[in-house]
$ cat query32.pdb   # PDB, C-alpha atoms
ATOM      1  CA  MET A   1      63.709  24.288  -8.323
ATOM      2  CA  PRO A   2      63.134  24.324 -12.116
ATOM      3  CA  PHE A   3      65.643  26.052 -14.372
ATOM      4  CA  GLY A   4      64.779  29.422 -15.877
ATOM      5  CA  GLY A   5      64.143  29.678 -19.601
ATOM      6  CA  ALA A   6      67.618  30.936 -20.511
ATOM      7  CA  THR A   7      69.371  28.318 -18.361
ATOM      8  CA  ALA A   8      67.188  25.503 -19.696
ATOM      9  CA  SER A   9      67.931  26.572 -23.275
ATOM     10  CA  PHE A  10      71.657  26.675 -22.560
ATOM     11  CA  LEU A  11      71.634  23.187 -21.023
ATOM     12  CA  ALA A  12      69.632  21.805 -23.945
ATOM     13  CA  ALA A  13      72.109  23.308 -26.425
ATOM     14  CA  PHE A  14      75.038  21.990 -24.352
ATOM     15  CA  ASP A  15      73.615  18.451 -24.334
ATOM     16  CA  LEU A  16      72.891  18.663 -28.079
ATOM     17  CA  ASN A  17      76.450  19.798 -28.798
ATOM     18  CA  ARG A  18      77.850  16.893 -26.784
ATOM     19  CA  MET A  19      75.567  14.471 -28.644
ATOM     20  CA  ARG A  20      76.812  15.844 -31.951
ATOM     21  CA  TYR A  21      80.398  15.641 -30.750
ATOM     22  CA  PHE A  22      80.120  11.974 -29.732
ATOM     23  CA  PHE A  23      78.348  11.138 -33.018
ATOM     24  CA  PHE A  24      81.082  12.700 -35.152
ATOM     25  CA  LYS A  25      83.751  11.265 -32.844
ATOM     26  CA  ARG A  26      82.388   7.780 -33.549
ATOM     27  CA  VAL A  27      82.320   8.430 -37.302
ATOM     28  CA  PHE A  28      85.918   9.678 -37.158
ATOM     29  CA  ASP A  29      86.956   6.653 -35.073
ATOM     30  CA  LEU A  30      85.413   4.285 -37.626
ATOM     31  CA  LEU A  31      87.003   5.953 -40.650
ATOM     32  CA  PHE A  32      90.444   6.435 -39.075
ATOM     33  CA  SER A  33      90.642   2.908 -37.648
ATOM     34  CA  ALA A  34      89.425   1.376 -40.931
ATOM     35  CA  VAL A  35      92.206   3.153 -42.839
ATOM     36  CA  VAL A  36      94.825   1.982 -40.306
ATOM     37  CA  ILE A  37      93.532  -1.608 -40.294
ATOM     38  CA  VAL A  38      93.543  -1.867 -44.099
ATOM     39  CA  GLY A  39      96.601   0.264 -44.844
ATOM     40  CA  VAL A  40      98.903  -0.606 -41.925
ATOM     41  CA  LEU A  41      97.777  -3.527 -39.780
ATOM     42  CA  SER A  42      97.159  -5.757 -42.814
ATOM     43  CA  TRP A  43     100.912  -6.030 -43.452
ATOM     44  CA  VAL A  44     102.571  -4.856 -40.228
ATOM     45  CA  LEU A  45     100.859  -7.334 -37.885
ATOM     46  CA  PRO A  46     101.994 -10.418 -39.854
ATOM     47  CA  LEU A  47     105.594  -9.147 -39.699
ATOM     48  CA  LEU A  48     105.353  -8.500 -35.953
ATOM     49  CA  ALA A  49     103.735 -11.914 -35.481
ATOM     50  CA  VAL A  50     106.744 -13.608 -37.095
ATOM     51  CA  LEU A  51     109.182 -11.695 -34.866
ATOM     52  CA  ILE A  52     107.227 -12.582 -31.721
ATOM     53  CA  ARG A  53     107.042 -16.276 -32.579
ATOM     54  CA  LEU A  54     110.730 -16.432 -33.483
ATOM     55  CA  ASP A  55     111.624 -14.820 -30.159
ATOM     56  CA  THR A  56     109.498 -16.874 -27.769
ATOM     57  CA  PRO A  57     106.855 -19.607 -28.013
ATOM     58  CA  GLY A  58     103.233 -18.771 -27.374
ATOM     59  CA  SER A  59     100.375 -16.770 -28.808
ATOM     60  CA  VAL A  60     101.039 -13.680 -30.929
ATOM     61  CA  PHE A  61      98.291 -11.577 -29.348
ATOM     62  CA  PHE A  62      97.722 -10.775 -25.703
ATOM     63  CA  LEU A  63      94.050 -10.481 -24.764
ATOM     64  CA  GLN A  64      93.183  -8.864 -21.459
ATOM     65  CA  LYS A  65      89.969  -7.768 -19.792
ATOM     66  CA  ARG A  66      90.001  -4.031 -19.131
ATOM     67  CA  VAL A  67      87.474  -1.540 -17.807
ATOM     68  CA  GLY A  68      85.698   0.612 -20.387
ATOM     69  CA  LYS A  69      82.885   3.119 -20.596
ATOM     70  CA  GLY A  70      80.274   2.733 -17.886
ATOM     71  CA  GLY A  71      82.591   0.415 -15.956
ATOM     72  CA  ARG A  72      81.900  -2.403 -18.419
ATOM     73  CA  LEU A  73      84.630  -4.918 -19.168
ATOM     74  CA  PHE A  74      85.931  -5.425 -22.689
ATOM     75  CA  THR A  75      88.735  -7.463 -24.242
ATOM     76  CA  CYS A  76      91.728  -5.256 -25.056
ATOM     77  CA  ILE A  77      93.928  -6.586 -27.881
ATOM     78  CA  LYS A  78      97.708  -6.131 -27.828
ATOM     79  CA  MET A  79     100.732  -7.778 -29.389
ATOM     80  CA  ARG A  80     102.266 -10.090 -26.788
ATOM     81  CA  SER A  81     105.369  -8.499 -25.261
ATOM     82  CA  MET A  82     105.911 -10.867 -22.322
ATOM     83  CA  ILE A  83     106.551 -14.530 -21.849
ATOM     84  CA  ILE A  84     103.400 -16.468 -21.014
ATOM     85  CA  ASN A  85     102.982 -16.086 -17.252
ATOM     86  CA  PRO A  86     100.193 -16.560 -14.677
ATOM     87  CA  GLN A  87     100.634 -13.041 -13.258
ATOM     88  CA  ALA A  88      99.874 -11.186 -16.502
ATOM     89  CA  ASP A  89      96.418 -10.073 -15.324
ATOM     90  CA  GLU A  90      97.435  -9.215 -11.770
ATOM     91  CA  LEU A  91     100.965  -7.798 -11.762
ATOM     92  CA  PRO A  92     101.640  -4.684 -13.924
ATOM     93  CA  ALA A  93     104.900  -4.580 -15.877
ATOM     94  CA  SER A  94     107.815  -2.543 -14.513
ATOM     95  CA  TRP A  95     110.645  -0.951 -16.521
ATOM     96  CA  ASP A  96     113.065  -3.801 -15.770
ATOM     97  CA  ASP A  97     110.470  -6.585 -15.723
ATOM     98  CA  LYS A  98     112.090  -9.959 -16.444
ATOM     99  CA  ARG A  99     108.871 -11.185 -18.067
ATOM    100  CA  ILE A 100     109.310  -8.802 -21.015
ATOM    101  CA  THR A 101     110.858 -10.494 -24.039
ATOM    102  CA  ARG A 102     113.595  -9.014 -26.252
ATOM    103  CA  VAL A 103     111.104  -8.271 -29.038
ATOM    104  CA  GLY A 104     108.549  -7.205 -26.440
ATOM    105  CA  ARG A 105     110.852  -4.537 -25.056
ATOM    106  CA  TRP A 106     111.190  -3.036 -28.549
ATOM    107  CA  LEU A 107     107.431  -3.288 -29.118
ATOM    108  CA  ARG A 108     106.744  -1.418 -25.901
ATOM    109  CA  ARG A 109     109.348   1.253 -26.571
ATOM    110  CA  THR A 110     107.894   1.960 -30.029
ATOM    111  CA  HIS A 111     104.263   1.439 -28.894
ATOM    112  CA  LEU A 112     103.806  -1.090 -31.710
ATOM    113  CA  ASP A 113     102.273  -3.491 -29.193
ATOM    114  CA  GLU A 114      99.267  -1.131 -29.083
ATOM    115  CA  LEU A 115      98.503  -1.360 -32.832
ATOM    116  CA  PRO A 116      95.805  -4.083 -32.541
ATOM    117  CA  GLN A 117      93.756  -1.693 -30.412
ATOM    118  CA  PHE A 118      92.642  -0.038 -33.656
ATOM    119  CA  VAL A 119      90.458  -3.146 -33.963
ATOM    120  CA  ASN A 120      88.988  -2.284 -30.548
ATOM    121  CA  VAL A 121      88.287   1.224 -31.865
ATOM    122  CA  PHE A 122      86.613  -0.101 -35.000
ATOM    123  CA  LEU A 123      84.436  -2.462 -32.926
ATOM    124  CA  GLY A 124      83.423   0.385 -30.608
ATOM    125  CA  SER A 125      84.889  -0.686 -27.257
ATOM    126  CA  MET A 126      87.581   2.008 -27.470
ATOM    127  CA  SER A 127      88.118   5.391 -29.103
ATOM    128  CA  LEU A 128      91.193   6.960 -30.658
ATOM    129  CA  VAL A 129      91.306   9.495 -27.807
ATOM    130  CA  GLY A 130      90.256   8.970 -24.216
ATOM    131  CA  PRO A 131      91.607   7.851 -20.829
ATOM    132  CA  ARG A 132      93.873   4.833 -21.176
ATOM    133  CA  PRO A 133      92.142   1.638 -19.997
ATOM    134  CA  TYR A 134      93.626  -0.251 -17.068
ATOM    135  CA  MET A 135      93.338  -3.916 -16.255
ATOM    136  CA  LEU A 136      90.644  -4.853 -13.766
ATOM    137  CA  ALA A 137      93.014  -5.411 -10.836
ATOM    138  CA  ASP A 138      94.561  -1.944 -11.229
ATOM    139  CA  SER A 139      91.195  -0.240 -11.688
ATOM    140  CA  GLN A 140      89.922  -1.713  -8.434
ATOM    141  CA  VAL A 141      92.992  -0.445  -6.551
ATOM    142  CA  PHE A 142      92.927   3.029  -8.135
ATOM    143  CA  SER A 143      89.206   3.494  -7.503
ATOM    144  CA  ARG A 144      89.838   2.977  -3.785
ATOM    145  CA  MET A 145      92.747   5.433  -3.834
ATOM    146  CA  ALA A 146      90.928   8.233  -5.691
ATOM    147  CA  PRO A 147      87.184   8.884  -5.193
ATOM    148  CA  ASP A 148      87.007  10.718  -8.557
ATOM    149  CA  TYR A 149      88.409   7.743 -10.443
ATOM    150  CA  VAL A 150      84.968   6.640 -11.680
ATOM    151  CA  VAL A 151      84.698   9.877 -13.693
ATOM    152  CA  ARG A 152      86.949   8.156 -16.241
ATOM    153  CA  TYR A 153      84.078   5.796 -17.062
ATOM    154  CA  HIS A 154      82.005   8.638 -18.571
ATOM    155  CA  VAL A 155      83.750   8.213 -21.927
ATOM    156  CA  LYS A 156      85.299   5.380 -23.901
ATOM    157  CA  PRO A 157      88.929   4.584 -23.149
ATOM    158  CA  GLY A 158      91.406   5.620 -25.836
ATOM    159  CA  ILE A 159      94.556   4.450 -27.591
ATOM    160  CA  THR A 160      96.019   7.794 -26.565
ATOM    161  CA  GLY A 161      94.855  10.547 -24.257
ATOM    162  CA  MET A 162      95.562  13.797 -22.468
ATOM    163  CA  ALA A 163      97.725  12.164 -19.807
ATOM    164  CA  GLN A 164      99.869  10.446 -22.434
ATOM    165  CA  VAL A 165     100.693  13.618 -24.375
ATOM    166  CA  LYS A 166     101.628  15.221 -21.068
ATOM    167  CA  GLY A 167     104.324  12.577 -20.733
ATOM    168  CA  LEU A 168     102.488  10.404 -18.201
ATOM    169  CA  HIS A 169     102.930   6.965 -19.713
ATOM    170  CA  GLY A 170     104.677   3.811 -18.627
ATOM    171  CA  PRO A 171     104.478   1.964 -15.283
ATOM    172  CA  LEU A 172     102.472   3.539 -12.468
ATOM    173  CA  ILE A 173     105.242   3.595  -9.909
ATOM    174  CA  ASP A 174     103.694   5.779  -7.209
ATOM    175  CA  ARG A 175     100.539   7.539  -6.097
ATOM    176  CA  SER A 176     101.572  10.932  -7.473
ATOM    177  CA  ILE A 177     101.700   9.570 -11.036
ATOM    178  CA  ILE A 178      98.293   7.936 -10.613
ATOM    179  CA  ASN A 179      96.834  11.245  -9.373
ATOM    180  CA  SER A 180      98.495  13.192 -12.200
ATOM    181  CA  ARG A 181      97.065  10.855 -14.810
ATOM    182  CA  LEU A 182      93.641  11.112 -13.219
ATOM    183  CA  HIS A 183      93.895  14.917 -13.189
ATOM    184  CA  TRP A 184      94.482  15.068 -16.950
ATOM    185  CA  ASP A 185      91.877  12.385 -17.686
ATOM    186  CA  ILE A 186      89.245  14.425 -15.853
ATOM    187  CA  PHE A 187      90.459  17.613 -17.559
ATOM    188  CA  TYR A 188      89.902  15.924 -20.929
ATOM    189  CA  ILE A 189      86.422  14.687 -20.010
ATOM    190  CA  ARG A 190      85.378  18.172 -18.863
ATOM    191  CA  HIS A 191      86.666  19.826 -22.050
ATOM    192  CA  VAL A 192      85.899  17.209 -24.701
ATOM    193  CA  CYS A 193      85.660  18.650 -28.191
ATOM    194  CA  PHE A 194      86.751  17.572 -31.646
ATOM    195  CA  LEU A 195      89.536  20.170 -31.789
ATOM    196  CA  LEU A 196      91.040  18.834 -28.549
ATOM    197  CA  ASP A 197      90.937  15.296 -29.954
ATOM    198  CA  ILE A 198      92.789  16.391 -33.091
ATOM    199  CA  ARG A 199      95.441  18.182 -31.011
ATOM    200  CA  ILE A 200      95.985  15.076 -28.876
ATOM    201  CA  ILE A 201      96.256  12.818 -31.953
ATOM    202  CA  ARG A 202      98.707  15.234 -33.575
ATOM    203  CA  GLN A 203     100.851  15.456 -30.442
ATOM    204  CA  SER A 204     100.805  11.668 -30.031
ATOM    205  CA  ILE A 205     102.085  11.201 -33.587
ATOM    206  CA  LEU A 206     104.818  13.810 -33.045
ATOM    207  CA  GLN A 207     105.952  12.037 -29.894
ATOM    208  CA  LEU A 208     106.337   8.787 -31.834
ATOM    209  CA  PHE A 209     108.798  10.308 -34.310
ATOM    210  CA  THR A 210     110.478  13.094 -32.350
ATOM    211  CA  GLN A 211     111.816  13.810 -28.925
ATOM    212  CA  GLN A 212     109.562  16.841 -28.493
ATOM    213  CA  ARG A 213     108.464  17.597 -24.979
ATOM    214  CA  PRO A 214     104.690  17.378 -24.405
ATOM    215  CA  VAL A 215     102.704  20.595 -24.418
TER     216      VAL A 215
END
$ encode --input "query32.pdb" --output "structure tokens"
Amino acid sequence: MPFGGATASFLAAFDLNRMRYFFFKRVFDLLFSAVVIVGVLSWVLPLLAVLIRLDTPGSVFFLQKRVGKGGRLFTCIKMRSMIINPQADELPASWDDKRITRVGRWLRRTHLDELPQFVNVFLGSMSLVGPRPYMLADSQVFSRMAPDYVVRYHVKPGITGMAQVKGLHGPLIDRSIINSRLHWDIFYIRHVCFLLDIRIIRQSILQLFTQQRPV
């Protein structure tokens, strides 16, 4: 049954608003990530690279295939926080994981291991805000556990997201945490707007420097 005139007009305006939102979101992602890459990564990454190499042998960066928008795989860039091991793409890290190096534990606690993902944002495989991307093995397990999991693929994955500012970060230790993260990811996708993105970015920055509880 065709939509009435008023409904059709509303849907057209809704789609247009979302198109505008994603256009300006991409512009903001480009500008913000460019500033971070030039102003921060250009001198911070070399320092972190030295610390990583002095701590353990191996590559400075950790490259891992993760699931992005539309279910497409992309290469996520992180600073290496573990010893080189064959289980890196299959076994998620736990809080007391013996594979995590001394420097790696500090990198994870301060989230500095995530800094190279601003390159992913600049290249377009990620956004500043969106559902956090999981490695392929985890995504396959979670999609079987939760039928709505594929909704996450409607938008680009983000460096930070709604679930993270709600305090849901770290190892996925049980099903309730997985479902809680999915709940907030879907909430974000249903309510995407530029103001919400700014609030999430602001809260993420506050959480880095304070012990404020998420709101």
$ resolve_selection --input "query32.pdb" --expression "the PyMOL selection byres ((chain A and resi 30-44) around 12)" --output "VMD selection string"
chain A and resid 23 to 29 45 to 51 79 112 to 129 159 198 201
$ write_last_selection --input "query32.pdb" --atoms "C-alpha atoms" --output "PDB file, keeping the file's coordinate frame"
ATOM      1  CA  PHE A  23      78.348  11.138 -33.018  1.00  0.00           C
ATOM      2  CA  PHE A  24      81.082  12.700 -35.152  1.00  0.00           C
ATOM      3  CA  LYS A  25      83.751  11.265 -32.844  1.00  0.00           C
ATOM      4  CA  ARG A  26      82.388   7.780 -33.549  1.00  0.00           C
ATOM      5  CA  VAL A  27      82.320   8.430 -37.302  1.00  0.00           C
ATOM      6  CA  PHE A  28      85.918   9.678 -37.158  1.00  0.00           C
ATOM      7  CA  ASP A  29      86.956   6.653 -35.073  1.00  0.00           C
ATOM      8  CA  LEU A  45     100.859  -7.334 -37.885  1.00  0.00           C
ATOM      9  CA  PRO A  46     101.994 -10.418 -39.854  1.00  0.00           C
ATOM     10  CA  LEU A  47     105.594  -9.147 -39.699  1.00  0.00           C
ATOM     11  CA  LEU A  48     105.353  -8.500 -35.953  1.00  0.00           C
ATOM     12  CA  ALA A  49     103.735 -11.914 -35.481  1.00  0.00           C
ATOM     13  CA  VAL A  50     106.744 -13.608 -37.095  1.00  0.00           C
ATOM     14  CA  LEU A  51     109.182 -11.695 -34.866  1.00  0.00           C
ATOM     15  CA  MET A  79     100.732  -7.778 -29.389  1.00  0.00           C
ATOM     16  CA  LEU A 112     103.806  -1.090 -31.710  1.00  0.00           C
ATOM     17  CA  ASP A 113     102.273  -3.491 -29.193  1.00  0.00           C
ATOM     18  CA  GLU A 114      99.267  -1.131 -29.083  1.00  0.00           C
ATOM     19  CA  LEU A 115      98.503  -1.360 -32.832  1.00  0.00           C
ATOM     20  CA  PRO A 116      95.805  -4.083 -32.541  1.00  0.00           C
ATOM     21  CA  GLN A 117      93.756  -1.693 -30.412  1.00  0.00           C
ATOM     22  CA  PHE A 118      92.642  -0.038 -33.656  1.00  0.00           C
ATOM     23  CA  VAL A 119      90.458  -3.146 -33.963  1.00  0.00           C
ATOM     24  CA  ASN A 120      88.988  -2.284 -30.548  1.00  0.00           C
ATOM     25  CA  VAL A 121      88.287   1.224 -31.865  1.00  0.00           C
ATOM     26  CA  PHE A 122      86.613  -0.101 -35.000  1.00  0.00           C
ATOM     27  CA  LEU A 123      84.436  -2.462 -32.926  1.00  0.00           C
ATOM     28  CA  GLY A 124      83.423   0.385 -30.608  1.00  0.00           C
ATOM     29  CA  SER A 125      84.889  -0.686 -27.257  1.00  0.00           C
ATOM     30  CA  MET A 126      87.581   2.008 -27.470  1.00  0.00           C
ATOM     31  CA  SER A 127      88.118   5.391 -29.103  1.00  0.00           C
ATOM     32  CA  LEU A 128      91.193   6.960 -30.658  1.00  0.00           C
ATOM     33  CA  VAL A 129      91.306   9.495 -27.807  1.00  0.00           C
ATOM     34  CA  ILE A 159      94.556   4.450 -27.591  1.00  0.00           C
ATOM     35  CA  ILE A 198      92.789  16.391 -33.091  1.00  0.00           C
ATOM     36  CA  ILE A 201      96.256  12.818 -31.953  1.00  0.00           C
TER      37      ILE A 201
END
$ closest_residue --input "query32.pdb" --among "A:Ile83, A:Val141, A:Cys193, A:Arg108" --to "A:His169" --atoms "only C-alpha atoms"
A:Arg108
$ closest_residue --input "query32.pdb" --among "A:Leu195, A:Leu54, A:Val67, A:Ile77" --to "A:Val155" --atoms "all atoms listed in the file"
A:Val67
$ closest_residue --input "query32.pdb" --among "A:Lys78, A:Arg132, A:Arg144, A:Lys166" --to "A:Leu107" --atoms "all atoms listed in the file"
A:Lys78
$ atom_distance --input "query32.pdb" --atom1 "atom CA of A:Lys69" --atom2 "atom CA of A:Ile200"
19.6 Å
$ resolve_selection --input "query32.pdb" --expression "the PyMOL selection byres ((chain A and resi 86-95) around 10)" --output "list of chain:residue names"
A:Phe62, A:Leu63, A:Gln64, A:Lys65, A:Arg66, A:Met82, A:Ile83, A:Ile84, A:Asn85, A:Asp96, A:Asp97, A:Lys98, A:Arg99, A:Ile100, A:Arg105, A:Tyr134, A:Met135, A:Leu136, A:Ala137, A:Asp138, A:Gly170, A:Pro171, A:Leu172, A:Ile173
$ residues_around --input "query32.pdb" --residues "A:Asp185" --least-positions-apart "5" --cutoff "8 Å" --atoms "all atoms listed in the file" --output "list in words"
Gly130, Pro131, Arg152, Gly161, Met162 and Ala163 of chain A
$ atom_distance --input "query32.pdb" --atom1 "atom CA of A:Leu168" --atom2 "atom CA of A:Trp106"
19.1 Å
$ atom_distance --input "query32.pdb" --atom1 "atom CA of A:Phe187" --atom2 "atom CA of A:Arg199"
14.4 Å
$ closest_residue --input "query32.pdb" --among "A:Ile205, A:Ala146, A:Ile177, A:Cys76" --to "A:Thr160" --atoms "all atoms listed in the file"
A:Ile205
$ build_atoms --input "query32.pdb" --residues "stretch 156-191 of chain A" --atoms "N, CA and C atoms" --output "PDB file, in the frame of the given file"
ATOM      1  N   LYS A 156      84.567   6.582 -23.509  1.00  0.00           N
ATOM      2  CA  LYS A 156      85.299   5.380 -23.901  1.00  0.00           C
ATOM      3  C   LYS A 156      86.791   5.563 -23.642  1.00  0.00           C
ATOM      4  N   PRO A 157      87.474   4.499 -23.276  1.00  0.00           N
ATOM      5  CA  PRO A 157      88.929   4.584 -23.149  1.00  0.00           C
ATOM      6  C   PRO A 157      89.560   4.771 -24.525  1.00  0.00           C
ATOM      7  N   GLY A 158      90.780   5.309 -24.560  1.00  0.00           N
ATOM      8  CA  GLY A 158      91.406   5.620 -25.836  1.00  0.00           C
ATOM      9  C   GLY A 158      92.766   4.967 -26.029  1.00  0.00           C
ATOM     10  N   ILE A 159      93.202   4.902 -27.282  1.00  0.00           N
ATOM     11  CA  ILE A 159      94.556   4.450 -27.591  1.00  0.00           C
ATOM     12  C   ILE A 159      95.561   5.464 -27.046  1.00  0.00           C
ATOM     13  N   THR A 160      95.213   6.736 -27.153  1.00  0.00           N
ATOM     14  CA  THR A 160      96.019   7.794 -26.565  1.00  0.00           C
ATOM     15  C   THR A 160      95.098   8.759 -25.831  1.00  0.00           C
ATOM     16  N   GLY A 161      95.690   9.630 -25.032  1.00  0.00           N
ATOM     17  CA  GLY A 161      94.855  10.547 -24.257  1.00  0.00           C
ATOM     18  C   GLY A 161      95.643  11.737 -23.751  1.00  0.00           C
ATOM     19  N   MET A 162      94.959  12.570 -22.981  1.00  0.00           N
ATOM     20  CA  MET A 162      95.562  13.797 -22.468  1.00  0.00           C
ATOM     21  C   MET A 162      96.762  13.488 -21.571  1.00  0.00           C
ATOM     22  N   ALA A 163      96.630  12.497 -20.712  1.00  0.00           N
ATOM     23  CA  ALA A 163      97.725  12.164 -19.807  1.00  0.00           C
ATOM     24  C   ALA A 163      98.956  11.709 -20.581  1.00  0.00           C
ATOM     25  N   GLN A 164      98.739  10.974 -21.670  1.00  0.00           N
ATOM     26  CA  GLN A 164      99.869  10.446 -22.434  1.00  0.00           C
ATOM     27  C   GLN A 164     100.653  11.560 -23.125  1.00  0.00           C
ATOM     28  N   VAL A 165      99.967  12.544 -23.704  1.00  0.00           N
ATOM     29  CA  VAL A 165     100.693  13.618 -24.375  1.00  0.00           C
ATOM     30  C   VAL A 165     101.344  14.568 -23.375  1.00  0.00           C
ATOM     31  N   LYS A 166     100.949  14.454 -22.116  1.00  0.00           N
ATOM     32  CA  LYS A 166     101.628  15.221 -21.068  1.00  0.00           C
ATOM     33  C   LYS A 166     102.841  14.470 -20.511  1.00  0.00           C
ATOM     34  N   GLY A 167     103.146  13.338 -21.139  1.00  0.00           N
ATOM     35  CA  GLY A 167     104.324  12.577 -20.733  1.00  0.00           C
ATOM     36  C   GLY A 167     104.075  11.547 -19.661  1.00  0.00           C
ATOM     37  N   LEU A 168     102.813  11.335 -19.280  1.00  0.00           N
ATOM     38  CA  LEU A 168     102.488  10.404 -18.201  1.00  0.00           C
ATOM     39  C   LEU A 168     102.126   9.045 -18.785  1.00  0.00           C
ATOM     40  N   HIS A 169     103.151   8.314 -19.206  1.00  0.00           N
ATOM     41  CA  HIS A 169     102.930   6.965 -19.713  1.00  0.00           C
ATOM     42  C   HIS A 169     103.986   6.055 -19.116  1.00  0.00           C
ATOM     43  N   GLY A 170     103.767   4.760 -19.243  1.00  0.00           N
ATOM     44  CA  GLY A 170     104.677   3.811 -18.627  1.00  0.00           C
ATOM     45  C   GLY A 170     104.125   3.298 -17.310  1.00  0.00           C
ATOM     46  N   PRO A 171     104.929   2.553 -16.550  1.00  0.00           N
ATOM     47  CA  PRO A 171     104.478   1.964 -15.283  1.00  0.00           C
ATOM     48  C   PRO A 171     104.006   3.014 -14.279  1.00  0.00           C
ATOM     49  N   LEU A 172     102.987   2.655 -13.519  1.00  0.00           N
ATOM     50  CA  LEU A 172     102.472   3.539 -12.468  1.00  0.00           C
ATOM     51  C   LEU A 172     103.230   3.227 -11.183  1.00  0.00           C
ATOM     52  N   ILE A 173     104.317   3.961 -10.978  1.00  0.00           N
ATOM     53  CA  ILE A 173     105.242   3.595  -9.909  1.00  0.00           C
ATOM     54  C   ILE A 173     104.885   4.179  -8.547  1.00  0.00           C
ATOM     55  N   ASP A 174     104.084   5.239  -8.510  1.00  0.00           N
ATOM     56  CA  ASP A 174     103.694   5.779  -7.209  1.00  0.00           C
ATOM     57  C   ASP A 174     102.358   6.520  -7.330  1.00  0.00           C
ATOM     58  N   ARG A 175     101.857   6.922  -6.172  1.00  0.00           N
ATOM     59  CA  ARG A 175     100.539   7.539  -6.097  1.00  0.00           C
ATOM     60  C   ARG A 175     100.476   8.879  -6.827  1.00  0.00           C
ATOM     61  N   SER A 176     101.576   9.621  -6.831  1.00  0.00           N
ATOM     62  CA  SER A 176     101.572  10.932  -7.473  1.00  0.00           C
ATOM     63  C   SER A 176     101.332  10.807  -8.983  1.00  0.00           C
ATOM     64  N   ILE A 177     101.909   9.781  -9.604  1.00  0.00           N
ATOM     65  CA  ILE A 177     101.700   9.570 -11.036  1.00  0.00           C
ATOM     66  C   ILE A 177     100.258   9.176 -11.309  1.00  0.00           C
ATOM     67  N   ILE A 178      99.702   8.330 -10.458  1.00  0.00           N
ATOM     68  CA  ILE A 178      98.293   7.936 -10.613  1.00  0.00           C
ATOM     69  C   ILE A 178      97.394   9.169 -10.527  1.00  0.00           C
ATOM     70  N   ASN A 179      97.646  10.040  -9.532  1.00  0.00           N
ATOM     71  CA  ASN A 179      96.834  11.245  -9.373  1.00  0.00           C
ATOM     72  C   ASN A 179      97.014  12.214 -10.544  1.00  0.00           C
ATOM     73  N   SER A 180      98.240  12.306 -11.062  1.00  0.00           N
ATOM     74  CA  SER A 180      98.495  13.192 -12.200  1.00  0.00           C
ATOM     75  C   SER A 180      97.763  12.702 -13.439  1.00  0.00           C
ATOM     76  N   ARG A 181      97.802  11.400 -13.667  1.00  0.00           N
ATOM     77  CA  ARG A 181      97.065  10.855 -14.810  1.00  0.00           C
ATOM     78  C   ARG A 181      95.573  11.117 -14.664  1.00  0.00           C
ATOM     79  N   LEU A 182      95.067  10.895 -13.459  1.00  0.00           N
ATOM     80  CA  LEU A 182      93.641  11.112 -13.219  1.00  0.00           C
ATOM     81  C   LEU A 182      93.275  12.574 -13.435  1.00  0.00           C
ATOM     82  N   HIS A 183      94.143  13.484 -12.999  1.00  0.00           N
ATOM     83  CA  HIS A 183      93.895  14.917 -13.189  1.00  0.00           C
ATOM     84  C   HIS A 183      93.692  15.240 -14.666  1.00  0.00           C
ATOM     85  N   TRP A 184      94.584  14.752 -15.529  1.00  0.00           N
ATOM     86  CA  TRP A 184      94.482  15.068 -16.950  1.00  0.00           C
ATOM     87  C   TRP A 184      93.350  14.307 -17.634  1.00  0.00           C
ATOM     88  N   ASP A 185      93.032  13.118 -17.146  1.00  0.00           N
ATOM     89  CA  ASP A 185      91.877  12.385 -17.686  1.00  0.00           C
ATOM     90  C   ASP A 185      90.587  13.158 -17.423  1.00  0.00           C
ATOM     91  N   ILE A 186      90.448  13.667 -16.203  1.00  0.00           N
ATOM     92  CA  ILE A 186      89.245  14.425 -15.853  1.00  0.00           C
ATOM     93  C   ILE A 186      89.228  15.751 -16.604  1.00  0.00           C
ATOM     94  N   PHE A 187      90.385  16.381 -16.760  1.00  0.00           N
ATOM     95  CA  PHE A 187      90.459  17.613 -17.559  1.00  0.00           C
ATOM     96  C   PHE A 187      89.937  17.357 -18.970  1.00  0.00           C
ATOM     97  N   TYR A 188      90.353  16.256 -19.577  1.00  0.00           N
ATOM     98  CA  TYR A 188      89.902  15.924 -20.929  1.00  0.00           C
ATOM     99  C   TYR A 188      88.381  15.733 -20.972  1.00  0.00           C
ATOM    100  N   ILE A 189      87.855  14.984 -20.019  1.00  0.00           N
ATOM    101  CA  ILE A 189      86.422  14.687 -20.010  1.00  0.00           C
ATOM    102  C   ILE A 189      85.605  15.967 -19.854  1.00  0.00           C
ATOM    103  N   ARG A 190      86.101  16.908 -19.077  1.00  0.00           N
ATOM    104  CA  ARG A 190      85.378  18.172 -18.863  1.00  0.00           C
ATOM    105  C   ARG A 190      85.455  19.095 -20.072  1.00  0.00           C
ATOM    106  N   HIS A 191      86.460  18.906 -20.925  1.00  0.00           N
ATOM    107  CA  HIS A 191      86.666  19.826 -22.050  1.00  0.00           C
ATOM    108  C   HIS A 191      86.577  19.131 -23.409  1.00  0.00           C
TER     109      HIS A 191
END
